[in-house]
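Student: Structure file input-v5.pdb, PDB, C-alpha atoms, pLDDT in the B column, is pasted below:
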ATOM      1  CA  MET A 177       0.000   0.000   0.000  1.00 91.00           C
ATOM      2  CA  THR A 178       1.172   3.486  -0.840  1.00 96.00           C
ATOM      3  CA  HIS A 179       0.644   6.284   1.659  1.00 98.00           C
ATOM      4  CA  ILE A 180      -0.369   9.724   0.389  1.00 98.00           C
ATOM      5  CA  LEU A 181      -0.708  12.828   2.572  1.00 98.00           C
ATOM      6  CA  TYR A 182      -3.039  15.586   1.345  1.00 98.00           C
ATOM      7  CA  VAL A 183      -2.655  19.008   2.990  1.00 98.00           C
ATOM      8  CA  ASP A 184      -5.262  21.748   2.479  1.00 96.00           C
ATOM      9  CA  ASP A 185      -7.027  24.175   4.805  1.00 94.00           C
ATOM     10  CA  ASP A 186     -10.350  23.574   2.987  1.00 91.00           C
ATOM     11  CA  ALA A 187     -11.921  20.606   4.791  1.00 90.00           C
ATOM     12  CA  ASP A 188     -14.381  19.855   1.983  1.00 87.00           C
ATOM     13  CA  ILE A 189     -11.601  19.772  -0.596  1.00 92.00           C
ATOM     14  CA  CYS A 190      -9.685  17.416   1.699  1.00 94.00           C
ATOM     15  CA  GLU A 191     -12.658  15.078   1.843  1.00 90.00           C
ATOM     16  CA  VAL A 192     -13.032  15.043  -1.927  1.00 91.00           C
ATOM     17  CA  ALA A 193      -9.313  14.477  -2.380  1.00 94.00           C
ATOM     18  CA  VAL A 194      -9.323  11.509  -0.011  1.00 94.00           C
ATOM     19  CA  MET A 195     -12.356  10.027  -1.786  1.00 89.00           C
ATOM     20  CA  ALA A 196     -10.814  10.614  -5.203  1.00 91.00           C
ATOM     21  CA  LEU A 197      -7.430   9.150  -4.341  1.00 94.00           C
ATOM     22  CA  GLU A 198      -8.903   6.110  -2.622  1.00 91.00           C
ATOM     23  CA  LEU A 199     -10.623   5.198  -5.871  1.00 87.00           C
ATOM     24  CA  ASP A 200      -7.205   3.609  -6.342  1.00 91.00           C
ATOM     25  CA  ASP A 201      -7.228   0.645  -3.947  1.00 91.00           C
ATOM     26  CA  ALA A 202      -3.456   0.774  -3.604  1.00 95.00           C
ATOM     27  CA  LEU A 203      -3.469   4.253  -2.076  1.00 96.00           C
ATOM     28  CA  VAL A 204      -3.954   4.946   1.627  1.00 97.00           C
ATOM     29  CA  VAL A 205      -4.678   8.629   2.146  1.00 97.00           C
ATOM     30  CA  ARG A 206      -4.616  10.937   5.137  1.00 98.00           C
ATOM     31  CA  ALA A 207      -5.572  14.584   5.087  1.00 98.00           C
ATOM     32  CA  CYS A 208      -4.213  17.454   7.173  1.00 98.00           C
ATOM     33  CA  GLY A 209      -5.923  20.821   7.527  1.00 97.00           C
ATOM     34  CA  SER A 210      -2.775  22.860   8.035  1.00 98.00           C
ATOM     35  CA  GLY A 211       0.935  22.919   7.411  1.00 98.00           C
ATOM     36  CA  ALA A 212       1.562  22.533  11.137  1.00 98.00           C
ATOM     37  CA  ASP A 213      -0.537  19.345  11.194  1.00 98.00           C
ATOM     38  CA  ALA A 214       1.419  18.030   8.223  1.00 98.00           C
ATOM     39  CA  LEU A 215       4.714  18.533  10.054  1.00 98.00           C
ATOM     40  CA  THR A 216       3.331  16.431  12.904  1.00 98.00           C
ATOM     41  CA  VAL A 217       1.680  13.693  10.839  1.00 98.00           C
ATOM     42  CA  ALA A 218       4.211  13.169   8.044  1.00 98.00           C
ATOM     43  CA  PRO A 219       7.078  11.727  10.148  1.00 98.00           C
ATOM     44  CA  GLU A 220       4.811   9.037  11.542  1.00 98.00           C
ATOM     45  CA  PHE A 221       2.690   8.367   8.433  1.00 98.00           C
ATOM     46  CA  GLN A 222       5.709   8.271   6.105  1.00 98.00           C
ATOM     47  CA  PRO A 223       3.825   9.078   2.894  1.00 98.00           C
ATOM     48  CA  ALA A 224       5.328   8.199  -0.462  1.00 98.00           C
ATOM     49  CA  LEU A 225       4.101  11.586  -1.688  1.00 98.00           C
ATOM     50  CA  ILE A 226       2.717  14.751  -0.123  1.00 98.00           C
ATOM     51  CA  LEU A 227       0.156  16.876  -1.944  1.00 98.00           C
ATOM     52  CA  LEU A 228       0.503  20.358  -0.492  1.00 98.00           C
ATOM     53  CA  ASP A 229      -1.761  23.362  -0.987  1.00 96.00           C
ATOM     54  CA  VAL A 230       0.193  26.563  -1.589  1.00 96.00           C
ATOM     55  CA  MET A 231      -2.019  29.235  -0.025  1.00 92.00           C
ATOM     56  CA  MET A 232      -2.949  28.341   3.528  1.00 93.00           C
ATOM     57  CA  PRO A 233      -3.326  30.589   6.577  1.00 91.00           C
ATOM     58  CA  GLN A 234      -0.639  30.639   9.283  1.00 92.00           C
ATOM     59  CA  MET A 235       1.778  28.284   7.495  1.00 97.00           C
ATOM     60  CA  ASP A 236       1.659  28.324   3.697  1.00 96.00           C
ATOM     61  CA  GLY A 237       2.793  25.536   1.400  1.00 97.00           C
ATOM     62  CA  PRO A 238       6.359  26.747   0.768  1.00 97.00           C
ATOM     63  CA  THR A 239       6.924  27.242   4.517  1.00 98.00           C
ATOM     64  CA  THR A 240       5.552  23.767   5.173  1.00 98.00           C
ATOM     65  CA  LEU A 241       7.866  22.341   2.524  1.00 98.00           C
ATOM     66  CA  ALA A 242      10.821  24.004   4.231  1.00 97.00           C
ATOM     67  CA  GLY A 243       9.758  22.467   7.539  1.00 98.00           C
ATOM     68  CA  LEU A 244       9.467  19.020   6.011  1.00 98.00           C
ATOM     69  CA  ARG A 245      12.883  19.362   4.389  1.00 97.00           C
ATOM     70  CA  ALA A 246      14.404  20.425   7.702  1.00 97.00           C
ATOM     71  CA  ASP A 247      13.293  17.179   9.402  1.00 97.00           C
ATOM     72  CA  GLU A 248      15.471  14.225   8.437  1.00 97.00           C
ATOM     73  CA  ARG A 249      12.460  11.906   8.780  1.00 98.00           C
ATOM     74  CA  THR A 250      10.609  13.758   6.009  1.00 98.00           C
ATOM     75  CA  ALA A 251      13.408  15.483   4.117  1.00 97.00           C
ATOM     76  CA  GLU A 252      13.348  13.071   1.182  1.00 96.00           C
ATOM     77  CA  ILE A 253       9.587  12.732   0.729  1.00 97.00           C
ATOM     78  CA  PRO A 254       8.524  14.006  -2.716  1.00 97.00           C
ATOM     79  CA  ILE A 255       6.151  16.955  -2.573  1.00 97.00           C
ATOM     80  CA  VAL A 256       3.679  18.107  -5.222  1.00 97.00           C
ATOM     81  CA  PHE A 257       2.081  21.504  -4.804  1.00 97.00           C
ATOM     82  CA  ILE A 258      -1.641  21.990  -5.394  1.00 96.00           C
ATOM     83  CA  THR A 259      -2.372  25.494  -6.586  1.00 93.00           C
ATOM     84  CA  ALA A 260      -4.782  27.616  -8.550  1.00 89.00           C
ATOM     85  CA  ARG A 261      -1.858  29.704  -9.763  1.00 84.00           C
ATOM     86  CA  THR A 262      -0.279  27.781 -12.595  1.00 84.00           C
ATOM     87  CA  GLN A 263       1.361  30.453 -14.706  1.00 85.00           C
ATOM     88  CA  THR A 264       4.796  29.333 -15.898  1.00 90.00           C
ATOM     89  CA  ALA A 265       6.518  31.678 -13.447  1.00 91.00           C
ATOM     90  CA  ASP A 266       4.473  30.291 -10.546  1.00 89.00           C
ATOM     91  CA  VAL A 267       5.294  26.693 -11.455  1.00 90.00           C
ATOM     92  CA  GLU A 268       8.986  27.509 -11.879  1.00 93.00           C
ATOM     93  CA  ARG A 269       9.052  29.241  -8.495  1.00 93.00           C
ATOM     94  CA  LEU A 270       7.466  26.250  -6.785  1.00 93.00           C
ATOM     95  CA  THR A 271       9.639  23.625  -8.443  1.00 94.00           C
ATOM     96  CA  ALA A 272      12.710  25.723  -7.620  1.00 95.00           C
ATOM     97  CA  LEU A 273      11.780  25.236  -3.966  1.00 94.00           C
ATOM     98  CA  GLY A 274      12.259  21.518  -4.444  1.00 93.00           C
ATOM     99  CA  ALA A 275       8.767  20.358  -5.327  1.00 95.00           C
ATOM    100  CA  LEU A 276       8.388  17.491  -7.756  1.00 95.00           C
ATOM    101  CA  GLY A 277       5.695  19.362  -9.636  1.00 94.00           C
ATOM    102  CA  VAL A 278       2.337  21.087  -9.517  1.00 96.00           C
ATOM    103  CA  ILE A 279      -1.259  19.893  -9.807  1.00 96.00           C
ATOM    104  CA  PRO A 280      -3.643  22.696 -10.801  1.00 94.00           C
ATOM    105  CA  LYS A 281      -6.653  23.603  -8.665  1.00 94.00           C
ATOM    106  CA  PRO A 282      -9.463  22.997  -9.108  1.00 93.00           C
ATOM    107  CA  PHE A 283      -8.510  19.358  -9.617  1.00 93.00           C
ATOM    108  CA  ASP A 284     -10.717  16.809 -11.326  1.00 92.00           C
ATOM    109  CA  PRO A 285     -11.623  14.118  -8.761  1.00 91.00           C
ATOM    110  CA  MET A 286     -11.811  11.517 -11.504  1.00 90.00           C
ATOM    111  CA  THR A 287      -8.207  12.001 -12.625  1.00 92.00           C
ATOM    112  CA  LEU A 288      -6.441  12.986  -9.405  1.00 94.00           C
ATOM    113  CA  ALA A 289      -5.300   9.428  -8.627  1.00 95.00           C
ATOM    114  CA  ASP A 290      -3.850   9.075 -12.135  1.00 95.00           C
ATOM    115  CA  GLN A 291      -1.944  12.326 -11.701  1.00 96.00           C
ATOM    116  CA  VAL A 292      -0.575  11.090  -8.387  1.00 97.00           C
ATOM    117  CA  ARG A 293       0.467   7.781  -9.955  1.00 96.00           C
ATOM    118  CA  THR A 294       2.372   9.713 -12.606  1.00 96.00           C
ATOM    119  CA  PHE A 295       4.221  11.701  -9.959  1.00 96.00           C
ATOM    120  CA  LEU A 296       4.932   8.550  -7.932  1.00 96.00           C
ATOM    121  CA  ALA A 297       6.532   6.998 -11.013  1.00 94.00           C
ATOM    122  CA  ARG A 298       8.720  10.093 -11.413  1.00 87.00           C
ATOM    123  CA  GLY A 299       9.605  10.443  -7.744  1.00 69.00           C
TER
ATOM    124  CA  MET B 243     -18.146  11.227  -9.301  1.00 66.00           C
ATOM    125  CA  SER B 244     -21.531   9.771  -8.387  1.00 66.00           C
ATOM    126  CA  ASP B 245     -20.724   8.782  -4.818  1.00 76.00           C
ATOM    127  CA  PRO B 246     -23.487   9.958  -2.422  1.00 79.00           C
ATOM    128  CA  LEU B 247     -20.823  11.414  -0.145  1.00 74.00           C
ATOM    129  CA  PHE B 248     -19.506  13.503  -3.034  1.00 80.00           C
ATOM    130  CA  ALA B 249     -23.045  14.664  -3.804  1.00 85.00           C
ATOM    131  CA  GLY B 250     -23.373  15.746  -0.195  1.00 84.00           C
ATOM    132  CA  LEU B 251     -20.073  17.610  -0.347  1.00 83.00           C
ATOM    133  CA  ALA B 252     -21.137  19.316  -3.571  1.00 88.00           C
ATOM    134  CA  ALA B 253     -24.386  20.407  -1.931  1.00 90.00           C
ATOM    135  CA  ARG B 254     -22.423  21.724   1.030  1.00 88.00           C
ATOM    136  CA  PHE B 255     -20.149  23.600  -1.345  1.00 91.00           C
ATOM    137  CA  ARG B 256     -23.197  25.153  -3.003  1.00 93.00           C
ATOM    138  CA  ASP B 257     -24.457  26.441   0.353  1.00 92.00           C
ATOM    139  CA  ARG B 258     -21.023  27.775   1.214  1.00 91.00           C
ATOM    140  CA  ALA B 259     -20.713  29.453  -2.197  1.00 95.00           C
ATOM    141  CA  LEU B 260     -24.014  31.245  -1.662  1.00 95.00           C
ATOM    142  CA  ALA B 261     -22.678  32.579   1.626  1.00 95.00           C
ATOM    143  CA  ASP B 262     -19.437  33.541  -0.138  1.00 95.00           C
ATOM    144  CA  GLY B 263     -21.531  35.589  -2.569  1.00 97.00           C
ATOM    145  CA  ALA B 264     -22.970  37.607   0.301  1.00 97.00           C
ATOM    146  CA  GLN B 265     -19.525  38.085   1.817  1.00 97.00           C
ATOM    147  CA  LEU B 266     -18.146  39.122  -1.553  1.00 98.00           C
ATOM    148  CA  ARG B 267     -20.811  41.792  -1.948  1.00 98.00           C
ATOM    149  CA  ALA B 268     -20.007  43.111   1.526  1.00 98.00           C
ATOM    150  CA  ALA B 269     -16.269  43.143   0.793  1.00 97.00           C
ATOM    151  CA  LEU B 270     -16.868  45.023  -2.463  1.00 97.00           C
ATOM    152  CA  ALA B 271     -19.058  47.556  -0.661  1.00 96.00           C
ATOM    153  CA  GLU B 272     -16.254  48.119   1.846  1.00 96.00           C
ATOM    154  CA  SER B 273     -13.578  48.206  -0.907  1.00 94.00           C
ATOM    155  CA  ASP B 274     -11.810  45.446   1.010  1.00 96.00           C
ATOM    156  CA  CYS B 275      -9.580  44.247  -1.820  1.00 95.00           C
ATOM    157  CA  ALA B 276      -7.763  41.680   0.306  1.00 94.00           C
ATOM    158  CA  LYS B 277     -11.019  40.007   1.274  1.00 96.00           C
ATOM    159  CA  VAL B 278     -12.310  40.132  -2.300  1.00 97.00           C
ATOM    160  CA  GLY B 279      -9.106  38.447  -3.425  1.00 95.00           C
ATOM    161  CA  ALA B 280      -9.276  35.824  -0.693  1.00 93.00           C
ATOM    162  CA  ILE B 281     -12.865  34.879  -1.512  1.00 95.00           C
ATOM    163  CA  ALA B 282     -12.072  34.757  -5.233  1.00 95.00           C
ATOM    164  CA  HIS B 283      -9.011  32.624  -4.616  1.00 92.00           C
ATOM    165  CA  ALA B 284     -10.895  30.106  -2.490  1.00 91.00           C
ATOM    166  CA  LEU B 285     -13.692  29.790  -5.035  1.00 94.00           C
ATOM    167  CA  SER B 286     -11.255  29.590  -7.924  1.00 93.00           C
ATOM    168  CA  GLY B 287      -9.471  26.634  -6.389  1.00 91.00           C
ATOM    169  CA  SER B 288     -12.484  24.678  -5.227  1.00 92.00           C
ATOM    170  CA  ALA B 289     -15.634  25.235  -7.324  1.00 94.00           C
ATOM    171  CA  GLY B 290     -14.479  23.247 -10.320  1.00 93.00           C
ATOM    172  CA  THR B 291     -13.721  20.231  -8.147  1.00 92.00           C
ATOM    173  CA  PHE B 292     -17.368  20.144  -7.121  1.00 92.00           C
ATOM    174  CA  GLY B 293     -18.616  20.488 -10.691  1.00 91.00           C
ATOM    175  CA  PHE B 294     -19.054  24.263 -10.831  1.00 94.00           C
ATOM    176  CA  ALA B 295     -16.433  25.052 -13.443  1.00 94.00           C
ATOM    177  CA  ALA B 296     -17.882  28.415 -14.473  1.00 96.00           C
ATOM    178  CA  ILE B 297     -17.560  29.715 -10.919  1.00 97.00           C
ATOM    179  CA  SER B 298     -13.892  28.751 -10.860  1.00 95.00           C
ATOM    180  CA  VAL B 299     -13.303  30.554 -14.163  1.00 96.00           C
ATOM    181  CA  HIS B 300     -15.060  33.757 -13.053  1.00 97.00           C
ATOM    182  CA  ALA B 301     -13.371  33.640  -9.638  1.00 96.00           C
ATOM    183  CA  GLU B 302      -9.961  33.288 -11.272  1.00 94.00           C
ATOM    184  CA  ALA B 303     -10.701  36.336 -13.425  1.00 96.00           C
ATOM    185  CA  LEU B 304     -11.674  38.348 -10.357  1.00 97.00           C
ATOM    186  CA  GLU B 305      -8.581  37.233  -8.467  1.00 94.00           C
ATOM    187  CA  SER B 306      -6.444  38.326 -11.429  1.00 94.00           C
ATOM    188  CA  ALA B 307      -8.178  41.711 -11.395  1.00 96.00           C
ATOM    189  CA  VAL B 308      -7.381  42.093  -7.697  1.00 96.00           C
ATOM    190  CA  ASP B 309      -3.768  41.056  -8.258  1.00 93.00           C
ATOM    191  CA  ALA B 310      -3.496  43.585 -11.092  1.00 93.00           C
ATOM    192  CA  GLY B 311      -4.708  46.353  -8.798  1.00 90.00           C
ATOM    193  CA  GLU B 312      -7.751  47.119 -10.922  1.00 85.00           C
ATOM    194  CA  ASP B 313      -9.982  49.751  -9.398  1.00 84.00           C
ATOM    195  CA  GLN B 314     -13.187  48.549 -11.056  1.00 89.00           C
ATOM    196  CA  LEU B 315     -13.613  45.437  -8.923  1.00 94.00           C
ATOM    197  CA  VAL B 316     -17.385  45.812  -8.697  1.00 95.00           C
ATOM    198  CA  GLU B 317     -17.546  45.478 -12.482  1.00 95.00           C
ATOM    199  CA  ALA B 318     -14.996  42.658 -12.505  1.00 96.00           C
ATOM    200  CA  ALA B 319     -17.016  40.761  -9.904  1.00 97.00           C
ATOM    201  CA  LYS B 320     -20.292  40.820 -11.811  1.00 97.00           C
ATOM    202  CA  PRO B 321     -19.821  37.537 -13.729  1.00 98.00           C
ATOM    203  CA  LEU B 322     -18.854  35.696 -10.542  1.00 98.00           C
ATOM    204  CA  LEU B 323     -21.734  37.146  -8.566  1.00 98.00           C
ATOM    205  CA  ALA B 324     -24.148  36.207 -11.357  1.00 97.00           C
ATOM    206  CA  ALA B 325     -22.827  32.632 -11.340  1.00 97.00           C
ATOM    207  CA  LEU B 326     -23.153  32.457  -7.560  1.00 97.00           C
ATOM    208  CA  ASP B 327     -26.671  33.902  -7.657  1.00 96.00           C
ATOM    209  CA  ALA B 328     -27.605  31.191 -10.170  1.00 95.00           C
ATOM    210  CA  LEU B 329     -26.952  28.579  -7.479  1.00 93.00           C
ATOM    211  CA  ALA B 330     -29.888  29.841  -5.421  1.00 89.00           C
TER
END
As structure tokens, what does this structure read like?

Tutor:
Amino acid sequence: MTHILYVDDDADICEVAVMALELDDALVVRACGSGADALTVAPEFQPALILLDVMMPQMDGPTTLAGLRADERTAEIPIVFITARTQTADVERLTALGALGVIPKPFDPMTLADQVRTFLARG
Amino acid sequence: MSDPLFAGLAARFRDRALADGAQLRAALAESDCAKVGAIAHALSGSAGTFGFAAISVHAEALESAVDAGEDQLVEAAKPLLAALDALA
């Protein structure tokens, strides 16, 4: 089984993401409602991939990524940003931070698991 | 996605979007650009996931107008507000 961590401050989006990803029986998904929660959950859950919203209150996605990279237990976990801002400059800025890539918001629940599989194959 | 849980979430989104419409009108009346941008951003990133693609498109346009510092936000918000009103 492959663990996926989804991080987004929108609880309804988290629920849809978990439902969508678990359409793939091989994926086990947990959701976190904040970057701070992700920093607590990720070391124990050991996801194969983290899907991380960019714009969140208190701790945004890039700050959360930095926190995950600073912890040796999560430093190597591939991270894909989820963002509504997908201009080339935005994507380049996010990948320059060390993210594996970007999934545009709003995401299509029917194809999200396929997108994650593609990133898992790359990571 | 035809899952009953998803249908429930979509219905909940619809209710929330209607409330967002009211908040957006209030933010426009107060010329609170930051709040207008925040509401537009949230709708832009979520509505399409629940099957309301037009709302995402109009919200993205409004967010871009806010980012560009446009001073005619009431005009820029009209398509989004119309799409939100259509949910009622």

Student: How would you write, as a ChimeraX atom specification, the residues chosen by the PyMOL selection byres ((chain A and resi 206) around 12) on this structure?

Tutor: /A:178-184,190-195,197-198,203-205,207-209,213-214,217-218,220-227

Student: Kindly provide, as a ChimeraX atom specification, the polymer residues lying within 10 Å of (-7.2, 37.0, -11.1), counting only C-alpha atoms and using the coordinates exactly as they appear in the file.

Tutor: /A:261 /B:279,282-283,286,299-311,318

Student: As a check of understanding, name the residues that the PyMOL selection byres ((chain A) within 9 of (chain B)) selects in the supplied structure, as a PyMOL selection string.

Tutor: chain A and resi 186+188-189+191-192+195-196+259-261+280-286

Student: Determine the residue membership of the PyMOL selection byres ((chain B and resi 323) around 9) for the file above and supply it as a PyMOL selection string.

Tutor: chain B and resi 263-264+266-267+297+300+319-322+324-328

Student: Output C-alpha atoms of each residue in that selection to a file, as a CSV table (one decimal), in the coordinates of the input.

Tutor:
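Contents of selection_15.csv, as written:
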chain,number,residue,atom,x,y,z
B,263,GLY,CA,-21.5,35.6,-2.6
B,264,ALA,CA,-23.0,37.6,0.3
B,266,LEU,CA,-18.1,39.1,-1.6
B,267,ARG,CA,-20.8,41.8,-1.9
B,297,ILE,CA,-17.6,29.7,-10.9
B,300,HIS,CA,-15.1,33.8,-13.1
B,319,ALA,CA,-17.0,40.8,-9.9
B,320,LYS,CA,-20.3,40.8,-11.8
B,321,PRO,CA,-19.8,37.5,-13.7
B,322,LEU,CA,-18.9,35.7,-10.5
B,324,ALA,CA,-24.1,36.2,-11.4
B,325,ALA,CA,-22.8,32.6,-11.3
B,326,LEU,CA,-23.2,32.5,-7.6
B,327,ASP,CA,-26.7,33.9,-7.7
B,328,ALA,CA,-27.6,31.2,-10.2

Student: If I take CA of Asp236 in chain A and CA of Leu199 in chain A, how far is one from the other in Å, to one decimal?

Tutor: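 Between these atoms lies a distance of 27.9 Å.
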
Student: Do a neighbour search on Thr271 in chain A at 12 Å with only C-alpha atoms, toss out local chain neighbours closer than 5 positions, and write the hits as a compact mmCIF listing (two decimals) with C-alpha atoms, in the frame of the given file.

Tutor:
# COMPACT_ATOMS: atom_id res chain seq x y z
CA PRO A 238 6.36 26.75 0.77
CA LEU A 241 7.87 22.34 2.52
CA PRO A 254 8.52 14.01 -2.72
CA ILE A 255 6.15 16.95 -2.57
CA VAL A 256 3.68 18.11 -5.22
CA PHE A 257 2.08 21.50 -4.80
CA ILE A 258 -1.64 21.99 -5.39
CA THR A 262 -0.28 27.78 -12.60
CA THR A 264 4.80 29.33 -15.90
CA ALA A 265 6.52 31.68 -13.45
CA ASP A 266 4.47 30.29 -10.55
CA LEU A 276 8.39 17.49 -7.76
CA GLY A 277 5.70 19.36 -9.64
CA VAL A 278 2.34 21.09 -9.52
CA ILE A 279 -1.26 19.89 -9.81

Student: Any idea what the distance is between CA of Ala269 in chain B and CA of Asp185 in chain A?

Tutor: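 Distance between the two atoms: 21.5 Å.
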
Student: Please, which residues are within 7 Å of (7.0, 16.5, 9.1) by the file's coordinates, counting all atoms listed in the file, and could they come as a list in words?

Tutor: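 Nearby residues: Ala214, Leu215, Thr216, Val217, Ala218, Pro219, Gly243, Leu244, Asp247 and Thr250 of chain A.
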
Student: Work out how far CA of Ser210 in chain A is from CA of Arg245 in chain A, in Å to one decimal.

Tutor: 16.5 Å

Student: Using only the atoms of range 248-266 of chain A listed in the file, plus 5 Å on each side, state the axis-aligned box centre and edge lengths in Å rounded to one decimal, as AutoDock Vina command-line options.

Tutor:
--center_x 5.3 --center_y 21.8 --center_z -3.6 --size_x 30.3 --size_y 29.8 --size_z 34.7
